[in-house]
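Structure file protein.pdb (PDB, C-alpha atoms, pLDDT in the B column) is printed below.
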MODEL        1
ATOM      1  CA  MET A   1     -21.445  12.039-113.673  1.00 48.00           C
ATOM      2  CA  THR A   2     -20.218   9.230-111.417  1.00 48.00           C
ATOM      3  CA  CYS A   3     -19.425   5.880-112.915  1.00 50.00           C
ATOM      4  CA  PRO A   4     -21.362   2.890-111.464  1.00 49.00           C
ATOM      5  CA  SER A   5     -18.210   0.819-111.337  1.00 48.00           C
ATOM      6  CA  ALA A   6     -16.626   3.465-109.152  1.00 47.00           C
ATOM      7  CA  LYS A   7     -19.520   3.220-106.642  1.00 46.00           C
ATOM      8  CA  VAL A   8     -19.201  -0.525-106.485  1.00 43.00           C
ATOM      9  CA  SER A   9     -15.472  -0.197-105.904  1.00 46.00           C
ATOM     10  CA  ARG A  10     -16.045   2.262-103.004  1.00 46.00           C
ATOM     11  CA  VAL A  11     -18.664  -0.049-101.403  1.00 43.00           C
ATOM     12  CA  GLU A  12     -16.301  -3.012-101.618  1.00 46.00           C
ATOM     13  CA  GLN A  13     -13.502  -0.935-100.125  1.00 47.00           C
ATOM     14  CA  GLY A  14     -15.796   0.164 -97.220  1.00 46.00           C
ATOM     15  CA  GLY A  15     -16.790  -3.439 -96.493  1.00 46.00           C
ATOM     16  CA  SER A  16     -13.158  -4.442 -96.440  1.00 44.00           C
ATOM     17  CA  ALA A  17     -12.392  -1.674 -93.958  1.00 46.00           C
ATOM     18  CA  ASP A  18     -15.110  -2.914 -91.526  1.00 50.00           C
ATOM     19  CA  LEU A  19     -14.056  -6.606 -91.784  1.00 49.00           C
ATOM     20  CA  PRO A  20     -11.056  -6.546 -89.361  1.00 60.00           C
ATOM     21  CA  GLY A  21     -13.213  -5.069 -86.549  1.00 63.00           C
ATOM     22  CA  ALA A  22     -15.862  -7.792 -86.856  1.00 64.00           C
ATOM     23  CA  VAL A  23     -13.232 -10.526 -86.950  1.00 60.00           C
ATOM     24  CA  MET A  24     -11.555  -9.091 -83.828  1.00 65.00           C
ATOM     25  CA  LYS A  25     -14.878  -9.068 -81.937  1.00 63.00           C
ATOM     26  CA  GLN A  26     -15.472 -12.676 -82.916  1.00 68.00           C
ATOM     27  CA  ILE A  27     -12.006 -13.684 -81.705  1.00 65.00           C
ATOM     28  CA  LEU A  28     -12.452 -11.857 -78.386  1.00 65.00           C
ATOM     29  CA  PHE A  29     -15.851 -13.479 -77.865  1.00 62.00           C
ATOM     30  CA  THR A  30     -14.429 -16.942 -78.570  1.00 65.00           C
ATOM     31  CA  VAL A  31     -11.495 -16.388 -76.166  1.00 57.00           C
ATOM     32  CA  ALA A  32     -13.839 -15.158 -73.418  1.00 59.00           C
ATOM     33  CA  LYS A  33     -16.052 -18.234 -73.858  1.00 58.00           C
ATOM     34  CA  LEU A  34     -13.036 -20.533 -73.642  1.00 57.00           C
ATOM     35  CA  ILE A  35     -11.888 -18.807 -70.445  1.00 59.00           C
ATOM     36  CA  LEU A  36     -15.330 -19.221 -68.856  1.00 54.00           C
ATOM     37  CA  VAL A  37     -15.500 -22.892 -69.849  1.00 51.00           C
ATOM     38  CA  GLY A  38     -11.980 -23.485 -68.484  1.00 55.00           C
ATOM     39  CA  SER A  39     -12.779 -21.756 -65.191  1.00 54.00           C
ATOM     40  CA  ALA A  40     -15.921 -23.824 -64.759  1.00 51.00           C
ATOM     41  CA  SER A  41     -13.943 -27.005 -65.426  1.00 53.00           C
ATOM     42  CA  VAL A  42     -11.293 -26.060 -62.857  1.00 48.00           C
ATOM     43  CA  LEU A  43     -13.965 -25.199 -60.288  1.00 49.00           C
ATOM     44  CA  TYR A  44     -15.757 -28.501 -60.879  1.00 53.00           C
ATOM     45  CA  ALA A  45     -12.491 -30.426 -60.592  1.00 50.00           C
ATOM     46  CA  SER A  46     -11.619 -28.621 -57.354  1.00 51.00           C
ATOM     47  CA  GLN A  47     -15.025 -29.383 -55.867  1.00 57.00           C
ATOM     48  CA  SER A  48     -14.767 -33.021 -56.904  1.00 55.00           C
ATOM     49  CA  TRP A  49     -11.279 -33.314 -55.368  1.00 51.00           C
ATOM     50  CA  ALA A  50     -12.463 -31.709 -52.123  1.00 52.00           C
ATOM     51  CA  GLN A  51     -15.463 -34.040 -51.890  1.00 60.00           C
ATOM     52  CA  ALA A  52     -13.259 -37.075 -52.553  1.00 54.00           C
ATOM     53  CA  SER A  53     -10.775 -35.949 -49.878  1.00 52.00           C
ATOM     54  CA  MET A  54     -13.559 -35.503 -47.325  1.00 54.00           C
ATOM     55  CA  ALA A  55     -14.921 -38.951 -48.153  1.00 53.00           C
ATOM     56  CA  ARG A  56     -11.464 -40.512 -47.698  1.00 55.00           C
ATOM     57  CA  ALA A  57     -11.055 -38.692 -44.380  1.00 48.00           C
ATOM     58  CA  ARG A  58     -14.435 -39.917 -43.142  1.00 52.00           C
ATOM     59  CA  GLY A  59     -13.572 -43.441 -44.211  1.00 49.00           C
ATOM     60  CA  SER A  60     -10.209 -43.251 -42.437  1.00 46.00           C
ATOM     61  CA  ASP A  61     -11.827 -41.993 -39.239  1.00 45.00           C
ATOM     62  CA  THR A  62     -14.391 -44.792 -39.372  1.00 45.00           C
ATOM     63  CA  ALA A  63     -11.694 -47.390 -39.925  1.00 43.00           C
ATOM     64  CA  GLU A  64      -9.564 -46.043 -37.095  1.00 42.00           C
ATOM     65  CA  SER A  65     -12.566 -45.967 -34.780  1.00 42.00           C
ATOM     66  CA  ALA A  66     -13.459 -49.536 -35.638  1.00 42.00           C
ATOM     67  CA  ALA A  67      -9.853 -50.639 -35.155  1.00 39.00           C
ATOM     68  CA  ALA A  68      -9.696 -48.925 -31.787  1.00 38.00           C
ATOM     69  CA  GLN A  69     -12.918 -50.603 -30.643  1.00 41.00           C
ATOM     70  CA  SER A  70     -11.795 -54.039 -31.797  1.00 38.00           C
ATOM     71  CA  LYS A  71      -8.283 -53.820 -30.345  1.00 41.00           C
ATOM     72  CA  PRO A  72      -7.977 -56.348 -27.519  1.00 47.00           C
ATOM     73  CA  HIS A  73      -6.810 -55.365 -24.052  1.00 60.00           C
ATOM     74  CA  ASP A  74      -3.500 -56.432 -22.578  1.00 59.00           C
ATOM     75  CA  ASP A  75      -4.899 -58.513 -19.700  1.00 73.00           C
ATOM     76  CA  SER A  76      -1.392 -59.103 -18.348  1.00 75.00           C
ATOM     77  CA  PHE A  77      -1.271 -55.593 -16.851  1.00 87.00           C
ATOM     78  CA  THR A  78      -2.755 -55.078 -13.401  1.00 91.00           C
ATOM     79  CA  ILE A  79      -3.743 -51.580 -12.317  1.00 95.00           C
ATOM     80  CA  GLY A  80      -2.071 -50.314  -9.150  1.00 93.00           C
ATOM     81  CA  ASN A  81      -2.157 -47.358  -6.781  1.00 92.00           C
ATOM     82  CA  ASP A  82      -1.150 -43.996  -8.273  1.00 93.00           C
ATOM     83  CA  ASP A  83      -1.678 -45.176 -11.860  1.00 95.00           C
ATOM     84  CA  VAL A  84      -3.495 -42.584 -13.987  1.00 96.00           C
ATOM     85  CA  LEU A  85      -6.489 -43.942 -15.896  1.00 96.00           C
ATOM     86  CA  ALA A  86      -8.271 -42.447 -18.901  1.00 96.00           C
ATOM     87  CA  ILE A  87     -11.928 -43.480 -18.571  1.00 97.00           C
ATOM     88  CA  ASN A  88     -14.245 -42.816 -21.485  1.00 97.00           C
ATOM     89  CA  VAL A  89     -17.995 -43.453 -21.475  1.00 97.00           C
ATOM     90  CA  TRP A  90     -19.347 -43.088 -25.005  1.00 96.00           C
ATOM     91  CA  LYS A  91     -21.531 -39.985 -25.421  1.00 93.00           C
ATOM     92  CA  GLU A  92     -21.177 -39.164 -21.718  1.00 95.00           C
ATOM     93  CA  PRO A  93     -18.565 -36.368 -21.459  1.00 95.00           C
ATOM     94  CA  ASP A  94     -19.624 -35.515 -17.897  1.00 95.00           C
ATOM     95  CA  ILE A  95     -18.548 -38.962 -16.730  1.00 96.00           C
ATOM     96  CA  SER A  96     -15.505 -39.433 -18.954  1.00 96.00           C
ATOM     97  CA  ARG A  97     -12.286 -38.193 -17.385  1.00 96.00           C
ATOM     98  CA  SER A  98      -8.640 -38.803 -16.542  1.00 97.00           C
ATOM     99  CA  ILE A  99      -8.301 -39.872 -12.926  1.00 96.00           C
ATOM    100  CA  PRO A 100      -5.524 -41.266 -10.672  1.00 97.00           C
ATOM    101  CA  VAL A 101      -5.993 -44.381  -8.560  1.00 97.00           C
ATOM    102  CA  ARG A 102      -6.001 -43.340  -4.909  1.00 96.00           C
ATOM    103  CA  SER A 103      -3.789 -44.820  -2.217  1.00 93.00           C
ATOM    104  CA  ASP A 104      -6.699 -47.030  -1.119  1.00 95.00           C
ATOM    105  CA  GLY A 105      -6.850 -48.502  -4.636  1.00 95.00           C
ATOM    106  CA  LYS A 106     -10.164 -46.888  -5.578  1.00 97.00           C
ATOM    107  CA  ILE A 107     -11.446 -44.282  -8.018  1.00 97.00           C
ATOM    108  CA  SER A 108     -14.580 -42.162  -7.796  1.00 96.00           C
ATOM    109  CA  LEU A 109     -16.860 -41.572 -10.784  1.00 96.00           C
ATOM    110  CA  PRO A 110     -20.214 -39.798 -11.152  1.00 96.00           C
ATOM    111  CA  LEU A 111     -23.133 -42.265 -10.995  1.00 95.00           C
ATOM    112  CA  ALA A 112     -20.749 -45.217 -10.547  1.00 95.00           C
ATOM    113  CA  GLY A 113     -19.513 -44.075  -7.127  1.00 95.00           C
ATOM    114  CA  GLU A 114     -16.468 -45.636  -5.439  1.00 97.00           C
ATOM    115  CA  VAL A 115     -14.946 -48.353  -7.642  1.00 97.00           C
ATOM    116  CA  GLN A 116     -12.052 -50.663  -6.774  1.00 97.00           C
ATOM    117  CA  ALA A 117      -9.416 -50.237  -9.514  1.00 96.00           C
ATOM    118  CA  SER A 118      -6.180 -51.513  -7.995  1.00 95.00           C
ATOM    119  CA  GLY A 119      -5.643 -55.226  -8.562  1.00 93.00           C
ATOM    120  CA  ARG A 120      -7.849 -55.324 -11.669  1.00 96.00           C
ATOM    121  CA  THR A 121      -7.047 -55.351 -15.355  1.00 95.00           C
ATOM    122  CA  PRO A 122      -8.408 -52.494 -17.505  1.00 96.00           C
ATOM    123  CA  ARG A 123     -10.935 -54.889 -19.064  1.00 95.00           C
ATOM    124  CA  LYS A 124     -12.327 -56.022 -15.716  1.00 96.00           C
ATOM    125  CA  LEU A 125     -12.572 -52.413 -14.560  1.00 96.00           C
ATOM    126  CA  GLU A 126     -14.522 -51.551 -17.722  1.00 96.00           C
ATOM    127  CA  LEU A 127     -17.038 -54.284 -16.975  1.00 96.00           C
ATOM    128  CA  GLU A 128     -17.424 -53.157 -13.360  1.00 96.00           C
ATOM    129  CA  ILE A 129     -18.022 -49.506 -14.303  1.00 97.00           C
ATOM    130  CA  ALA A 130     -20.458 -50.478 -17.084  1.00 96.00           C
ATOM    131  CA  SER A 131     -22.372 -52.694 -14.663  1.00 96.00           C
ATOM    132  CA  ARG A 132     -22.835 -49.803 -12.244  1.00 96.00           C
ATOM    133  CA  LEU A 133     -23.860 -47.359 -14.957  1.00 97.00           C
ATOM    134  CA  LYS A 134     -26.622 -49.622 -16.316  1.00 95.00           C
ATOM    135  CA  ASN A 135     -28.973 -48.252 -13.679  1.00 92.00           C
ATOM    136  CA  TYR A 136     -28.677 -44.796 -15.250  1.00 94.00           C
ATOM    137  CA  ILE A 137     -27.528 -45.274 -18.864  1.00 95.00           C
ATOM    138  CA  SER A 138     -28.886 -47.652 -21.490  1.00 93.00           C
ATOM    139  CA  GLU A 139     -26.118 -50.006 -22.700  1.00 93.00           C
ATOM    140  CA  PRO A 140     -23.116 -47.945 -21.505  1.00 96.00           C
ATOM    141  CA  GLU A 141     -19.914 -48.379 -23.516  1.00 96.00           C
ATOM    142  CA  VAL A 142     -16.889 -47.918 -21.257  1.00 97.00           C
ATOM    143  CA  THR A 143     -13.217 -47.803 -22.225  1.00 96.00           C
ATOM    144  CA  VAL A 144     -10.407 -47.800 -19.665  1.00 96.00           C
ATOM    145  CA  MET A 145      -6.846 -47.020 -20.705  1.00 95.00           C
ATOM    146  CA  VAL A 146      -3.782 -46.740 -18.471  1.00 94.00           C
ATOM    147  CA  GLN A 147      -2.554 -43.252 -19.246  1.00 93.00           C
ATOM    148  CA  GLN A 148       0.420 -43.257 -16.883  1.00 91.00           C
ATOM    149  CA  ILE A 149       2.002 -46.090 -14.909  1.00 89.00           C
ATOM    150  CA  ASN A 150       3.131 -45.018 -11.450  1.00 91.00           C
ATOM    151  CA  SER A 151       2.469 -48.178  -9.434  1.00 92.00           C
ATOM    152  CA  GLN A 152       5.274 -50.340 -10.787  1.00 92.00           C
ATOM    153  CA  LYS A 153       8.394 -49.202  -8.992  1.00 93.00           C
ATOM    154  CA  PHE A 154      11.779 -50.494  -7.880  1.00 96.00           C
ATOM    155  CA  ASN A 155      13.937 -49.345  -4.977  1.00 97.00           C
ATOM    156  CA  VAL A 156      17.612 -48.488  -4.716  1.00 98.00           C
ATOM    157  CA  LEU A 157      19.074 -48.410  -1.194  1.00 98.00           C
ATOM    158  CA  GLY A 158      22.483 -48.005   0.402  1.00 97.00           C
ATOM    159  CA  GLN A 159      25.620 -46.291  -0.809  1.00 97.00           C
ATOM    160  CA  VAL A 160      24.239 -44.446  -3.835  1.00 98.00           C
ATOM    161  CA  VAL A 161      23.884 -40.715  -4.425  1.00 97.00           C
ATOM    162  CA  ARG A 162      20.048 -40.690  -4.674  1.00 97.00           C
ATOM    163  CA  PRO A 163      18.483 -43.687  -2.877  1.00 97.00           C
ATOM    164  CA  GLY A 164      14.731 -44.038  -3.261  1.00 97.00           C
ATOM    165  CA  SER A 165      11.861 -45.491  -5.282  1.00 95.00           C
ATOM    166  CA  TYR A 166      11.735 -45.143  -9.061  1.00 95.00           C
ATOM    167  CA  VAL A 167       9.035 -45.899 -11.622  1.00 91.00           C
ATOM    168  CA  ILE A 168       9.817 -48.800 -13.938  1.00 92.00           C
ATOM    169  CA  THR A 169      10.107 -47.623 -17.536  1.00 85.00           C
ATOM    170  CA  ASN A 170      11.704 -49.293 -20.552  1.00 86.00           C
ATOM    171  CA  SER A 171      12.653 -52.505 -18.690  1.00 90.00           C
ATOM    172  CA  PRO A 172      15.547 -51.184 -16.566  1.00 95.00           C
ATOM    173  CA  THR A 173      18.464 -53.425 -15.586  1.00 97.00           C
ATOM    174  CA  VAL A 174      20.538 -53.270 -12.402  1.00 98.00           C
ATOM    175  CA  LEU A 175      23.075 -51.041 -14.162  1.00 97.00           C
ATOM    176  CA  ASP A 176      20.255 -48.752 -15.253  1.00 97.00           C
ATOM    177  CA  ALA A 177      19.010 -48.557 -11.670  1.00 97.00           C
ATOM    178  CA  LEU A 178      22.454 -47.618 -10.361  1.00 97.00           C
ATOM    179  CA  ALA A 179      22.780 -44.900 -13.008  1.00 97.00           C
ATOM    180  CA  ILE A 180      19.287 -43.545 -12.221  1.00 97.00           C
ATOM    181  CA  ALA A 181      20.243 -43.392  -8.529  1.00 97.00           C
ATOM    182  CA  GLY A 182      23.234 -41.192  -9.373  1.00 97.00           C
ATOM    183  CA  GLY A 183      26.015 -43.772  -9.055  1.00 97.00           C
ATOM    184  CA  PHE A 184      28.062 -44.881  -6.059  1.00 97.00           C
ATOM    185  CA  ARG A 185      29.190 -43.062  -2.966  1.00 97.00           C
ATOM    186  CA  ASP A 186      32.846 -43.208  -2.027  1.00 95.00           C
ATOM    187  CA  PHE A 187      32.716 -46.285   0.210  1.00 95.00           C
ATOM    188  CA  ALA A 188      30.277 -48.431  -1.749  1.00 97.00           C
ATOM    189  CA  LYS A 189      31.133 -52.129  -1.913  1.00 97.00           C
ATOM    190  CA  LYS A 190      30.758 -52.631  -5.635  1.00 97.00           C
ATOM    191  CA  LYS A 191      31.418 -56.379  -5.507  1.00 96.00           C
ATOM    192  CA  SER A 192      28.722 -57.082  -2.900  1.00 97.00           C
ATOM    193  CA  ILE A 193      25.625 -55.520  -4.475  1.00 98.00           C
ATOM    194  CA  TYR A 194      22.466 -57.659  -4.487  1.00 98.00           C
ATOM    195  CA  VAL A 195      18.832 -57.512  -5.589  1.00 98.00           C
ATOM    196  CA  LEU A 196      15.976 -58.496  -3.286  1.00 98.00           C
ATOM    197  CA  ARG A 197      13.066 -59.913  -5.281  1.00 96.00           C
ATOM    198  CA  GLN A 198       9.599 -60.425  -3.814  1.00 91.00           C
ATOM    199  CA  ASN A 199       8.096 -63.871  -4.400  1.00 91.00           C
ATOM    200  CA  PRO A 200       4.343 -64.534  -4.649  1.00 85.00           C
ATOM    201  CA  GLY A 201       4.352 -66.449  -1.350  1.00 86.00           C
ATOM    202  CA  GLY A 202       5.725 -63.464   0.571  1.00 86.00           C
ATOM    203  CA  THR A 203       9.327 -64.710   0.626  1.00 94.00           C
ATOM    204  CA  GLN A 204      12.349 -62.972  -0.889  1.00 94.00           C
ATOM    205  CA  THR A 205      15.074 -64.105  -3.249  1.00 96.00           C
ATOM    206  CA  ARG A 206      18.551 -62.602  -3.034  1.00 97.00           C
ATOM    207  CA  LEU A 207      20.313 -62.167  -6.407  1.00 97.00           C
ATOM    208  CA  ALA A 208      24.004 -61.276  -6.368  1.00 97.00           C
ATOM    209  CA  PHE A 209      25.440 -58.510  -8.545  1.00 98.00           C
ATOM    210  CA  ASN A 210      29.190 -57.929  -8.851  1.00 97.00           C
ATOM    211  CA  TYR A 211      29.578 -54.532 -10.476  1.00 97.00           C
ATOM    212  CA  GLN A 212      33.278 -54.991 -11.227  1.00 95.00           C
ATOM    213  CA  GLU A 213      32.671 -58.240 -13.104  1.00 96.00           C
ATOM    214  CA  VAL A 214      29.646 -56.997 -15.043  1.00 97.00           C
ATOM    215  CA  VAL A 215      31.299 -53.834 -16.364  1.00 96.00           C
ATOM    216  CA  LYS A 216      34.267 -55.944 -17.511  1.00 95.00           C
ATOM    217  CA  GLY A 217      31.939 -58.299 -19.377  1.00 94.00           C
ATOM    218  CA  MET A 218      32.885 -61.276 -17.216  1.00 93.00           C
ATOM    219  CA  ASN A 219      29.392 -62.098 -15.907  1.00 93.00           C
ATOM    220  CA  PRO A 220      26.742 -60.165 -17.885  1.00 95.00           C
ATOM    221  CA  GLY A 221      23.963 -62.501 -16.728  1.00 96.00           C
ATOM    222  CA  GLN A 222      23.995 -60.774 -13.340  1.00 97.00           C
ATOM    223  CA  ASN A 223      22.684 -57.590 -14.972  1.00 97.00           C
ATOM    224  CA  ILE A 224      19.076 -58.756 -14.749  1.00 97.00           C
ATOM    225  CA  THR A 225      15.974 -56.842 -15.780  1.00 96.00           C
ATOM    226  CA  LEU A 226      14.236 -55.429 -12.717  1.00 96.00           C
ATOM    227  CA  GLN A 227      10.662 -56.302 -11.820  1.00 93.00           C
ATOM    228  CA  PRO A 228       8.114 -54.326  -9.785  1.00 91.00           C
ATOM    229  CA  ARG A 229       9.020 -54.175  -6.083  1.00 91.00           C
ATOM    230  CA  ASP A 230      12.647 -55.263  -6.674  1.00 97.00           C
ATOM    231  CA  THR A 231      15.150 -53.610  -4.329  1.00 97.00           C
ATOM    232  CA  VAL A 232      18.767 -52.993  -5.340  1.00 98.00           C
ATOM    233  CA  VAL A 233      20.976 -52.865  -2.237  1.00 98.00           C
ATOM    234  CA  VAL A 234      24.441 -51.296  -2.376  1.00 98.00           C
ATOM    235  CA  PRO A 235      26.333 -52.028   0.923  1.00 97.00           C
TER     236      PRO A 235
ENDMDL
END

Could you write out this file's structure as structure tokens?
Amino acid sequence: MTCPSAKVSRVEQGGSADLPGAVMKQILFTVAKLILVGSASVLYASQSWAQASMARARGSDTAESAAAQSKPHDDSFTIGNDDVLAINVWKEPDISRSIPVRSDGKISLPLAGEVQASGRTPRKLELEIASRLKNYISEPEVTVMVQQINSQKFNVLGQVVRPGSYVITNSPTVLDALAIAGGFRDFAKKKSIYVLRQNPGGTQTRLAFNYQEVVKGMNPGQNITLQPRDTVVVP
């Protein structure tokens, strides 16, 4: 005959044996739930960061666009022959283009036709093009930028290695011009160099340049900054 206390003892022992398995399942379930919650949080944070970045980028683009539209033109620059212009007509890609100014001072654009560019500032050229496009486009917005300056040149003549015309860049001086032209030939008169400068009235001014003095630091004021159409003459 089996004792009741013995049965109770065996039941309690069986329950104790099943307890670790149930606890382990509970732990695994809790860990899995924490992992899912953490992954969702990371995903939400990533999406929020991406949306914020896109919003900042859109705001930056808008600000840059507004700044570009409000930036004033440099009306001191006059367009000349051979300059390359970047012409943009808003929402009109078939008209917008990069185009050089021809030797006759004109450019040719669809709908606008032949337009005089040389002798005008970029702002005045914008107004002229916009005026011509009004017959075909409602409120045309035109932007003209000088993409490459080829019209402003100086000349170097005489006893230099490479005489010719050169585009003015970075405010060249007489010494710069001589270096660009390759330096002197053997019989160059270095003390008798001069610069011919064109005056508005059609006259010329002769400006002396003594190479020997300038390189010795004796008369640095002779090393002037060249202007468009200046001619450096090396006898």

Would you write out, as JSON, numbers by chain, every residue that the PyMOL selection byres ((chain A and resi 193) around 9) captures in this file?
{"A": [188, 189, 190, 191, 192, 194, 195, 207, 208, 209, 210, 211, 232, 233, 234, 235]}

Apply the PyMOL selection byres ((chain A and resi 118-125) around 8) to the file shown and report the selected residues as a ChimeraX atom specification.
/A:73,75-81,101,105-106,116-117,126-129,144-146

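Take the candidates A:Arg206, A:Arg97, A:Lys216, A:Arg162 and check each one against Arg185 of chain A using all atoms listed in the file; the shortest distance goes to A:Arg162.
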
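When atom CA of Glu92 of chain A is paired with atom CA of Pro140 of chain A, their separation reads 9.0 Å.
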
For Ala130 of chain A, find every residue with an atom within 12 Å (counting all atoms listed in the file), except residues of its own chain fewer than 3 positions away, and show them as a PyMOL selection string.
chain A and resi 87-90+95+109+111-113+115+123-127+133-144

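Nearest to Thr173 of chain A of all the residues A:Gln148, A:Thr205, A:Thr231, A:Ser96 is A:Thr231, counting only C-alpha atoms.
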
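Using all atoms listed in the file, the smallest distance between any of A:Pro172, A:Gly221, A:Pro228, A:Gly183 and Leu196 of chain A comes from A:Pro228.
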
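Relative to atom CA of Phe154 of chain A, atom CA of Thr203 of chain A is found at 16.7 Å.
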
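For the pair atom CA of Leu226 of chain A and atom CA of Pro100 of chain A, the separation is 24.4 Å.
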
For each of A:Ala177, A:Ile224, A:Asp82, A:Val214, take the minimum atom-to-atom distance to Val160 of chain A, counting only C-alpha atoms, then give the residue where this is smallest.
A:Ala177
